[in-house]
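Everything below belongs to final.txt, which stores compact mmCIF, C-alpha atoms.
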# COMPACT_ATOMS: atom_id res chain seq x y z
CA MET A 1 0.00 0.00 0.00
CA TYR A 2 1.30 3.46 -0.87
CA PHE A 3 2.19 5.91 1.87
CA PRO A 4 0.09 9.10 1.44
CA GLU A 5 2.94 11.46 2.27
CA LEU A 6 1.15 14.68 1.33
CA TYR A 7 -1.84 13.81 3.50
CA PHE A 8 0.48 12.71 6.32
CA LYS A 9 2.24 16.10 6.27
CA HIS A 10 -1.12 17.87 6.31
CA ALA A 11 -2.36 15.82 9.25
CA LEU A 12 0.88 16.17 11.22
CA SER A 13 1.20 19.93 10.64
CA SER A 14 -2.44 20.42 11.64
CA VAL A 15 -2.34 18.45 14.87
CA LEU A 16 1.04 19.91 15.85
CA SER A 17 -0.42 23.41 15.58
CA ILE A 18 -2.95 22.65 18.33
CA ASP A 19 -1.87 22.79 21.99
CA SER A 20 -2.94 19.57 23.71
CA PRO A 21 -1.24 18.91 27.04
CA THR A 22 -3.04 16.25 29.05
CA GLY A 23 -6.24 17.70 30.48
CA PHE A 24 -6.45 20.38 27.78
CA THR A 25 -7.14 18.30 24.70
CA LYS A 26 -10.64 19.43 23.71
CA GLU A 27 -9.45 21.58 20.80
CA ALA A 28 -7.32 18.75 19.41
CA VAL A 29 -10.14 16.23 19.86
CA ASP A 30 -12.60 18.59 18.15
CA TRP A 31 -10.16 18.85 15.23
CA LEU A 32 -9.84 15.06 15.11
CA GLU A 33 -13.61 14.70 15.09
CA LYS A 34 -13.86 16.95 12.03
CA GLU A 35 -10.89 15.30 10.30
CA ILE A 36 -12.32 11.81 10.80
CA SER A 37 -15.69 13.03 9.46
CA ASP A 38 -13.98 14.59 6.44
CA LEU A 39 -12.45 11.17 5.73
CA ASN A 40 -16.01 9.80 5.62
CA PHE A 41 -15.75 7.82 8.85
CA LYS A 42 -18.04 8.24 11.84
CA PRO A 43 -16.31 9.60 14.95
CA PHE A 44 -17.40 8.81 18.51
CA LYS A 45 -16.42 10.80 21.59
CA THR A 46 -16.14 9.13 24.97
CA ARG A 47 -16.92 10.75 28.30
CA ASN A 48 -13.24 10.95 29.26
CA GLY A 49 -12.29 12.82 26.08
CA ASN A 50 -11.06 10.04 23.83
CA ILE A 51 -12.26 9.90 20.24
CA LEU A 52 -12.58 6.80 18.10
CA THR A 53 -13.97 5.42 14.90
CA ARG A 54 -14.83 1.86 13.93
CA LEU A 55 -14.15 -0.06 10.73
CA SER A 56 -15.97 -3.30 9.96
CA GLY A 57 -13.79 -6.20 8.89
CA LYS A 58 -14.16 -9.58 7.23
CA THR A 59 -14.21 -11.61 10.47
CA ASP A 60 -15.89 -11.40 13.88
CA LYS A 61 -12.61 -10.69 15.68
CA ASN A 62 -12.37 -7.27 17.32
CA ILE A 63 -9.07 -5.41 17.61
CA ALA A 64 -8.02 -1.83 18.34
CA ILE A 65 -5.31 0.59 17.26
CA SER A 66 -4.40 3.45 19.59
CA SER A 67 -2.39 6.65 19.53
CA HIS A 68 -2.47 9.46 22.06
CA VAL A 69 -3.07 13.08 21.14
CA ASP A 70 -2.15 14.45 24.58
CA THR A 71 1.34 15.71 25.30
CA VAL A 72 3.51 16.61 28.27
CA GLY A 73 3.12 20.18 29.51
CA LEU A 74 3.12 22.71 32.33
CA VAL A 75 0.52 24.37 34.56
CA VAL A 76 0.72 27.31 36.94
CA ARG A 77 1.41 26.08 40.46
CA SER A 78 1.44 29.44 42.23
CA ILE A 79 2.22 33.13 41.79
CA ASN A 80 5.53 34.27 43.23
CA LYS A 81 5.91 37.47 45.23
CA ASP A 82 7.71 39.22 42.35
CA GLY A 83 4.95 38.43 39.83
CA SER A 84 6.68 35.46 38.21
CA LEU A 85 4.90 32.11 38.03
CA ALA A 86 5.93 28.87 39.66
CA PHE A 87 4.86 25.82 37.67
CA THR A 88 4.42 22.10 37.93
CA THR A 89 4.68 19.53 35.17
CA ILE A 90 2.21 17.35 33.31
CA GLY A 91 4.06 14.16 32.53
CA SER A 92 7.82 14.54 32.34
CA PRO A 93 9.05 17.24 29.94
CA VAL A 94 12.84 17.65 29.97
CA LEU A 95 12.95 21.04 31.67
CA ALA A 96 16.50 21.85 30.62
CA THR A 97 15.29 22.02 27.00
CA LEU A 98 12.66 24.61 27.97
CA ASP A 99 15.06 27.13 29.52
CA GLY A 100 14.66 30.32 27.49
CA SER A 101 11.61 29.12 25.54
CA SER A 102 8.74 31.44 24.72
CA CYS A 103 5.42 30.41 26.19
CA GLY A 104 1.82 31.48 26.63
CA VAL A 105 -0.37 31.34 29.72
CA ARG A 106 -4.07 30.86 29.08
CA THR A 107 -6.66 31.79 31.69
CA ARG A 108 -9.97 30.02 32.20
CA LYS A 109 -11.71 33.01 30.62
CA GLY A 110 -9.71 32.51 27.42
CA GLU A 111 -7.19 35.33 27.82
CA ARG A 112 -3.64 34.50 26.73
CA TYR A 113 -0.48 36.19 28.01
CA ASN A 114 2.99 35.73 26.57
CA GLY A 115 6.06 35.00 28.62
CA THR A 116 9.34 33.12 28.89
CA ILE A 117 10.25 29.94 30.76
CA ARG A 118 13.63 30.43 32.39
CA SER A 119 15.96 29.60 35.23
CA ASN A 120 15.71 31.66 38.40
CA THR A 121 19.43 32.38 37.96
CA SER A 122 19.39 33.01 34.24
CA SER A 123 22.13 35.63 33.71
CA PRO A 124 25.84 34.78 34.06
CA HIS A 125 26.50 38.49 34.55
CA VAL A 126 24.51 38.34 37.78
CA TYR A 127 24.56 34.77 39.09
CA THR A 128 27.68 32.65 39.48
CA ASN A 129 25.66 29.45 38.99
CA ALA A 130 23.83 30.58 35.84
CA HIS A 131 25.51 27.81 33.80
CA THR A 132 25.42 25.09 36.42
CA ALA A 133 22.12 25.44 38.31
CA ASP A 134 19.79 22.47 37.96
CA ARG A 135 16.84 23.10 35.67
CA THR A 136 14.03 21.88 37.93
CA ARG A 137 10.54 23.05 38.85
CA GLU A 138 11.96 24.59 42.02
CA ASN A 139 14.68 26.50 40.14
CA MET A 140 12.64 27.76 37.18
CA CYS A 141 9.70 30.09 36.60
CA VAL A 142 7.66 31.86 33.95
CA ILE A 143 8.35 35.59 33.45
CA LEU A 144 5.28 37.29 31.97
CA ASP A 145 5.62 39.91 29.26
CA GLU A 146 3.35 42.13 31.32
CA HIS A 147 4.00 44.99 33.75
CA VAL A 148 3.57 42.95 36.90
CA GLN A 149 5.50 43.42 40.13
CA ASN A 150 3.62 41.32 42.65
CA ILE A 151 0.93 38.70 43.24
CA GLU A 152 -1.97 41.14 42.99
CA ASP A 153 -0.80 42.46 39.61
CA VAL A 154 -0.89 38.93 38.22
CA ARG A 155 -4.25 38.12 39.75
CA ARG A 156 -5.73 41.20 38.07
CA LEU A 157 -4.82 39.59 34.75
CA GLY A 158 -7.03 36.65 35.69
CA ILE A 159 -4.16 34.17 36.02
CA LEU A 160 -4.75 31.49 38.65
CA PRO A 161 -3.15 28.22 39.78
CA GLY A 162 -4.14 25.45 37.39
CA ASP A 163 -3.94 27.63 34.28
CA TYR A 164 -2.07 25.98 31.42
CA ILE A 165 1.32 27.13 30.16
CA PHE A 166 1.83 26.39 26.47
CA PHE A 167 5.44 26.37 25.37
CA SER A 168 6.38 26.92 21.77
CA SER A 169 6.73 23.90 19.52
CA GLU A 170 9.27 25.88 17.47
CA SER A 171 9.87 25.15 13.78
CA ARG A 172 8.68 22.07 12.00
CA ILE A 173 11.07 20.81 9.38
CA PHE A 174 10.37 18.51 6.44
CA ARG A 175 13.88 18.71 4.99
CA ASN A 176 16.41 16.00 4.19
CA ASP A 177 13.62 13.64 5.33
CA PHE A 178 13.84 14.85 8.94
CA ILE A 179 10.97 16.07 11.12
CA LYS A 180 12.16 18.20 14.04
CA ILE A 181 9.74 19.72 16.53
CA ARG A 182 8.36 19.23 20.02
CA PHE A 183 5.51 16.78 20.67
CA LEU A 184 6.30 14.16 18.05
CA ASP A 185 5.36 11.95 21.00
CA ASN A 186 2.77 11.11 19.99
CA LYS A 187 1.39 13.30 17.27
CA LEU A 188 3.39 11.26 14.78
CA GLY A 189 1.27 8.26 15.76
CA VAL A 190 -1.92 10.29 15.38
CA ALA A 191 -0.91 11.39 11.87
CA ILE A 192 0.07 7.82 10.92
CA MET A 193 -3.31 6.49 12.06
CA LEU A 194 -5.15 9.21 10.16
CA SER A 195 -3.03 8.42 7.09
CA THR A 196 -4.10 4.80 7.39
CA LEU A 197 -7.76 5.83 7.43
CA HIS A 198 -7.08 8.06 4.42
CA ALA A 199 -5.43 5.21 2.49
CA PHE A 200 -8.21 2.75 3.34
CA ARG A 201 -10.79 5.23 2.08
CA GLU A 202 -8.88 6.08 -1.09
CA GLU A 203 -8.29 2.44 -2.01
CA ASN A 204 -11.61 1.15 -0.67
CA ILE A 205 -9.85 -1.36 1.60
CA VAL A 206 -11.58 -3.54 4.18
CA PRO A 207 -9.46 -4.76 7.12
CA ILE A 208 -9.35 -8.42 8.08
CA ASN A 209 -10.85 -7.79 11.53
CA ASN A 210 -13.21 -5.24 13.05
CA VAL A 211 -11.03 -2.32 14.15
CA GLU A 212 -11.44 0.49 16.65
CA PHE A 213 -9.15 3.42 15.85
CA ILE A 214 -8.73 5.07 19.26
CA PHE A 215 -7.16 8.51 19.75
CA SER A 216 -6.60 8.70 23.49
CA ALA A 217 -6.35 11.90 25.52
CA TRP A 218 -4.86 10.78 28.84
CA GLU A 219 -1.83 8.62 28.00
CA GLU A 220 0.74 10.87 29.68
CA LEU A 221 -1.10 10.42 32.99
CA GLY A 222 -1.69 6.71 32.57
CA PHE A 223 -5.31 6.01 31.66
CA GLY A 224 -5.68 6.64 27.95
CA LEU A 225 -7.41 3.33 27.15
CA SER A 226 -9.93 3.42 29.97
CA SER A 227 -12.71 3.50 27.35
CA LEU A 228 -11.57 0.34 25.54
CA SER A 229 -14.51 -1.83 24.47
CA GLU A 230 -14.89 -5.08 26.40
CA ASN A 231 -14.98 -7.24 23.25
CA VAL A 232 -11.56 -6.07 21.97
CA GLU A 233 -9.12 -9.00 21.88
CA GLU A 234 -5.95 -7.22 20.72
CA VAL A 235 -4.63 -3.67 20.92
CA LEU A 236 -1.74 -2.34 18.89
CA SER A 237 -0.44 0.98 20.18
CA VAL A 238 1.19 3.28 17.63
CA ASP A 239 3.41 5.41 19.86
CA MET A 240 7.07 6.42 19.50
CA GLY A 241 10.20 4.32 19.19
CA CYS A 242 13.17 5.29 21.36
CA VAL A 243 16.64 6.15 20.08
CA GLY A 244 19.68 6.06 22.36
CA ASP A 245 22.14 3.96 24.32
CA TYR A 246 21.49 0.19 24.52
CA LEU A 247 18.89 0.49 21.72
CA THR A 248 19.13 -0.48 18.06
CA CYS A 249 16.39 1.76 16.65
CA THR A 250 17.31 4.80 14.55
CA GLU A 251 15.30 7.82 13.38
CA LYS A 252 14.78 6.06 10.03
CA GLN A 253 13.17 2.90 11.37
CA VAL A 254 9.95 1.58 12.78
CA SER A 255 10.50 0.23 16.26
CA ILE A 256 8.79 -2.93 17.49
CA CYS A 257 8.73 -2.72 21.27
CA ALA A 258 9.28 -6.13 22.84
CA GLY A 259 8.91 -4.84 26.38
CA ASP A 260 8.55 -1.72 28.50
CA THR A 261 8.72 -0.72 32.17
CA LEU A 262 6.11 -3.30 33.14
CA GLY A 263 7.68 -6.17 31.23
CA PRO A 264 7.16 -7.97 27.92
CA MET A 265 4.53 -7.19 25.33
CA ASP A 266 2.42 -10.06 24.02
CA TYR A 267 4.90 -12.57 22.59
CA GLU A 268 2.72 -13.86 19.75
CA MET A 269 1.64 -10.40 18.60
CA THR A 270 5.21 -9.11 18.70
CA SER A 271 6.45 -12.13 16.76
CA ARG A 272 3.73 -11.61 14.17
CA LEU A 273 4.77 -7.96 13.75
CA ILE A 274 8.39 -9.00 13.24
CA GLU A 275 7.31 -11.53 10.60
CA ILE A 276 5.28 -8.86 8.77
CA ALA A 277 8.21 -6.43 8.87
CA GLU A 278 10.52 -9.13 7.47
CA ARG A 279 8.09 -10.14 4.76
CA LYS A 280 7.56 -6.55 3.66
CA ARG A 281 11.29 -5.82 3.90
CA LEU A 282 10.74 -2.86 6.18
CA ASN A 283 13.52 -1.01 7.94
CA TYR A 284 12.75 -2.01 11.53
CA ALA A 285 14.29 -2.63 14.93
CA VAL A 286 13.23 -4.64 17.98
CA ASP A 287 14.00 -3.09 21.35
CA VAL A 288 13.12 -3.19 25.04
CA TYR A 289 12.33 0.11 26.76
CA PRO A 290 12.86 -0.10 30.55
CA HIS A 291 11.84 3.55 31.14
CA TYR A 292 8.72 3.65 28.98
CA ASP A 293 4.99 3.45 29.67
CA SER A 294 2.23 3.49 27.09
CA ASP A 295 -1.52 3.04 26.71
CA ILE A 296 -0.84 -0.70 26.50
CA SER A 297 1.01 -1.01 29.79
CA THR A 298 -1.36 1.18 31.79
CA ALA A 299 -4.45 -0.60 30.45
CA ARG A 300 -2.88 -3.92 31.44
CA VAL A 301 -2.30 -2.64 34.99
CA SER A 302 -5.98 -1.66 35.19
CA GLY A 303 -6.88 -5.31 34.63
CA ARG A 304 -8.21 -5.11 31.07
CA ASP A 305 -8.24 -8.50 29.35
CA PHE A 306 -6.52 -8.14 25.96
CA ARG A 307 -3.30 -8.90 24.11
CA GLY A 308 -1.13 -5.87 23.52
CA ALA A 309 1.84 -4.82 21.40
CA LEU A 310 3.50 -1.55 20.44
CA ILE A 311 5.18 -0.05 17.40
CA GLY A 312 6.28 3.45 16.44
CA PRO A 313 8.67 5.58 14.41
CA GLY A 314 12.11 6.11 15.91
CA VAL A 315 12.22 9.43 17.82
CA SER A 316 15.33 10.92 19.41
CA ALA A 317 15.36 13.34 22.38
CA SER A 318 11.86 12.37 23.53
CA HIS A 319 10.04 14.84 25.81
CA GLY A 320 12.51 17.48 24.62
CA TYR A 321 13.10 18.96 21.18
CA GLU A 322 12.38 15.76 19.29
CA ARG A 323 13.46 14.47 15.88
CA SER A 324 12.27 11.70 13.57
CA SER A 325 11.93 11.22 9.82
CA ILE A 326 9.47 10.63 7.02
CA ALA A 327 11.15 7.24 6.43
CA ALA A 328 10.41 6.11 9.98
CA CYS A 329 6.78 7.16 9.62
CA GLU A 330 6.43 5.37 6.28
CA ASN A 331 7.88 2.18 7.74
CA THR A 332 5.46 2.44 10.67
CA PHE A 333 2.53 3.06 8.33
CA LYS A 334 3.38 -0.01 6.25
CA LEU A 335 3.77 -2.22 9.31
CA LEU A 336 0.44 -0.99 10.69
CA CYS A 337 -1.31 -1.67 7.38
CA GLY A 338 0.32 -5.10 7.22
CA TYR A 339 -1.03 -5.89 10.67
CA LEU A 340 -4.54 -4.76 9.70
CA LEU A 341 -4.59 -6.67 6.41
CA GLU A 342 -2.84 -9.94 7.28
CA ASP A 343 -4.60 -12.55 9.38
Whole structure given in C-alpha cells:
Amino acid sequence: MYFPELYFKHALSSVLSIDSPTGFTKEAVDWLEKEISDLNFKPFKTRNGNILTRLSGKTDKNIAISSHVDTVGLVVRSINKDGSLAFTTIGSPVLATLDGSSCGVRTRKGERYNGTIRSNTSSPHVYTNAHTADRTRENMCVILDEHVQNIEDVRRLGILPGDYIFFSSESRIFRNDFIKIRFLDNKLGVAIMLSTLHAFREENIVPINNVEFIFSAWEELGFGLSSLSENVEEVLSVDMGCVGDYLTCTEKQVSICAGDTLGPMDYEMTSRLIEIAERKRLNYAVDVYPHYDSDISTARVSGRDFRGALIGPGVSASHGYERSSIAACENTFKLLCGYLLED
C-alpha cells in the first residue's frame, strides 16, 4: 500500500499546531472529530475525552489501534511574590530544554499572556551558577511579558493556579527527510493512524478484523485506554520508538517494542509484527524500553483482558526537542497496514 505522504504532512502539521497537554485536549479532539468526518468515517467521543472510529472487517474478531493526542506540559502552580509564576509539570518534559523558551499562559476566561520559561538564575553576569544550576521546577519560573511586580498584579490579569502554560513547539522541518519539533510523542502516531484511514478510504480497503481506531487523551497520565470496548481482543499501540544507548532503533526505522517498564509485550503479537516487517522488507528494529509506559502497559495494569503490542517511528530526544523522519513514519505506516490486512 502506498504511503500518502502529502496527507500525512497535512495531518501532522495540523495536529502539531494545536496545543494539547493532558487535560487540555478538547481543541485537538474537536479537530480530530472533524478530520475523521472529512475522511467519511463516523467519529465517537467518549466521556473521558477520547475519540474513536470503527471499521468493519471480514471476520468477527475485534481489535483496536491506539495513539495518544495528549502531550507533556506545564501548569501554573502558584504566583511568586515578584509576579513570576511557579509551575508544575504534566508528565515529564525535559525542563533543561525549555530554559529560554517562549510560552503562553491561558486563563480560564480565554485570555492569553505571553512569557518566557527560564531559570531563576538566568544571567551569568549576575549569578555565578547561571551555567550550572539544575533546571528543575523549584529553580525555574515563567516571566510574563506584562507589567507585573507582585501577586496582585498577576491576579488582576485573571491568572490562577491550574492555568495551562503552552510552550512553543518551534519550527517544524520537512527537509532531508527529517521532522524536528516538540511533541512528536505522539502526534506522529496520530498522523500515521489518520493516514491509514485516508489510504483505506482512497483504495476502498476492508481490514481483516473489526477495528477500533482510538485517539486517546490521557496517555501521559496513565489512563488513555480506559474506554476500551470489552470485546476487543488485541490492541496495537502506535506510539514512539526510542533512540539512544542500549537500543538499536534509529530515526529512520519503525520500532517494534518487545517490552517496556512493566515487562514484555504479548509474545505472539510481537512475533507476528516482526514476521510482517521481514516479509515486507521494512527497515525495523526490535528493542526493550525499561523507562517507557504506554496506553498498552497502563491498560494492562488496570486489569483489562486483551493482548497488547506496540510499534512506532524512531524518535530521538523524547520529551525534549524531538526528531524523527518521514522514512520512519512510512515504515510504521506499512507495518500498521500489514497488521490490519494480514490474518
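Using only C-alpha atoms, the residues found no farther than 6 Å from segment 73-88 of chain A, other than those of its own chain fewer than 5 positions away, are Pro21, Cys141, Val142, Ile143, Val148, Gln149, Asn150, Ile151, Pro161, Gly162, Asp163, Tyr164 and Ile165 of chain A.
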- Task: Could you check how far atom CA of Thr248 of chain A sits from atom CA of Arg182 of chain A, in Å to one decimal?
- Result: 22.5 Å
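With all atoms listed in the file as the atoms that count, the minimum distance from Ile181 of chain A to the choices A:Glu322, A:Asp260, A:Asp266, A:Glu342 is reached by A:Glu322.
Between atom CA of Ala96 of chain A and atom CA of Thr71 of chain A lies a distance of 17.2 Å.
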Give one line per residue of segment 90-162 of chain A that approaches segment 312-321 of chain A to at most 12 Å, naming the two atoms of the closest pair and their distance in Å to one decimal, counting only C-alpha atoms; sort by chain then ascending residue number and deliver it as a Markdown table.
| residue | atom | partner | partner_atom | distance |
| --- | --- | --- | --- | --- |
| A:Ile90 | CA | A:His319 | CA | 11.1 |
| A:Gly91 | CA | A:His319 | CA | 9.0 |
| A:Ser92 | CA | A:His319 | CA | 6.9 |
| A:Pro93 | CA | A:His319 | CA | 4.9 |
| A:Val94 | CA | A:Gly320 | CA | 5.4 |
| A:Leu95 | CA | A:Gly320 | CA | 7.9 |
| A:Ala96 | CA | A:Gly320 | CA | 8.4 |
| A:Thr97 | CA | A:Gly320 | CA | 5.8 |
| A:Leu98 | CA | A:Gly320 | CA | 7.9 |
| A:Asp99 | CA | A:Gly320 | CA | 11.1 |
| A:Ser101 | CA | A:Tyr321 | CA | 11.2 |
- Message: If I take atom CA of Glu278 of chain A and atom CA of Lys252 of chain A, how far is one from the other in Å, to one decimal?
- Response: 16.0 Å
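Of the listed residues A:Ile173, A:Val206, A:Leu184, A:Ile65, the one whose atoms come nearest to Leu310 of chain A is A:Ile65, with distances taken using all atoms listed in the file.
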What lies within 9 Å of Phe24 of chain A using all atoms listed in the file, ignoring chain neighbours under 5 positions off, as a tab-separated table (two decimals) with C-alpha atoms, in the frame of the given file?
chain	number	residue	atom	x	y	z
A	19	ASP	CA	-1.87	22.79	21.99
A	70	ASP	CA	-2.15	14.45	24.58
A	164	TYR	CA	-2.07	25.98	31.42
A	217	ALA	CA	-6.35	11.90	25.52
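Candidate residues A:Pro43, A:Thr89, A:Cys337, A:Glu251 were compared for distance to Ile276 of chain A, and the nearest is A:Cys337, using all atoms listed in the file.
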List every protein, DNA or RNA residue that has at least one atom no more than 9 Å from (-13.9, 4.1, 12.7) in the file's coordinates, counting only C-alpha atoms, and write the result as a PDB file with C-alpha atoms, in the frame of the given file.
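Result file follows (part-v6.pdb):
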ATOM      1  CA  ILE A  36     -12.320  11.810  10.800  1.00  0.00           C
ATOM      2  CA  PHE A  41     -15.750   7.820   8.850  1.00  0.00           C
ATOM      3  CA  LYS A  42     -18.040   8.240  11.840  1.00  0.00           C
ATOM      4  CA  PRO A  43     -16.310   9.600  14.950  1.00  0.00           C
ATOM      5  CA  PHE A  44     -17.400   8.810  18.510  1.00  0.00           C
ATOM      6  CA  LEU A  52     -12.580   6.800  18.100  1.00  0.00           C
ATOM      7  CA  THR A  53     -13.970   5.420  14.900  1.00  0.00           C
ATOM      8  CA  ARG A  54     -14.830   1.860  13.930  1.00  0.00           C
ATOM      9  CA  LEU A  55     -14.150  -0.060  10.730  1.00  0.00           C
ATOM     10  CA  SER A  56     -15.970  -3.300   9.960  1.00  0.00           C
ATOM     11  CA  LEU A 197      -7.760   5.830   7.430  1.00  0.00           C
ATOM     12  CA  VAL A 211     -11.030  -2.320  14.150  1.00  0.00           C
ATOM     13  CA  GLU A 212     -11.440   0.490  16.650  1.00  0.00           C
ATOM     14  CA  PHE A 213      -9.150   3.420  15.850  1.00  0.00           C
ATOM     15  CA  ILE A 214      -8.730   5.070  19.260  1.00  0.00           C
TER      16      ILE A 214
END
- Within 10 Å of Tyr267 of chain A, counting only C-alpha atoms, which residues show up once you throw out same-chain ones fewer than 6 positions away? Write them as a PyMOL selection string, please. chain A and resi 258-259+273+307-309
Which neighbours of Ser122 of chain A fall inside 12 Å, counting all atoms listed in the file, when residues of the same chain fewer than 5 positions from it are skipped, and could you give them as a short mmCIF file (atom, residue, chain, number, x, y, z; two decimals) with C-alpha atoms, in the frame of the given file?
data_model
loop_
_atom_site.label_atom_id
_atom_site.label_comp_id
_atom_site.auth_asym_id
_atom_site.auth_seq_id
_atom_site.Cartn_x
_atom_site.Cartn_y
_atom_site.Cartn_z
CA ASP A 99 15.06 27.13 29.52
CA GLY A 100 14.66 30.32 27.49
CA THR A 116 9.34 33.12 28.89
CA ILE A 117 10.25 29.94 30.76
CA TYR A 127 24.56 34.77 39.09
CA THR A 128 27.68 32.65 39.48
CA ASN A 129 25.66 29.45 38.99
CA ALA A 130 23.83 30.58 35.84
CA HIS A 131 25.51 27.81 33.80
CA THR A 132 25.42 25.09 36.42
CA ALA A 133 22.12 25.44 38.31
CA ASP A 134 19.79 22.47 37.96
CA ARG A 135 16.84 23.10 35.67
CA ASN A 139 14.68 26.50 40.14
CA MET A 140 12.64 27.76 37.18
CA CYS A 141 9.70 30.09 36.60
CA VAL A 142 7.66 31.86 33.95
CA ILE A 143 8.35 35.59 33.45
#
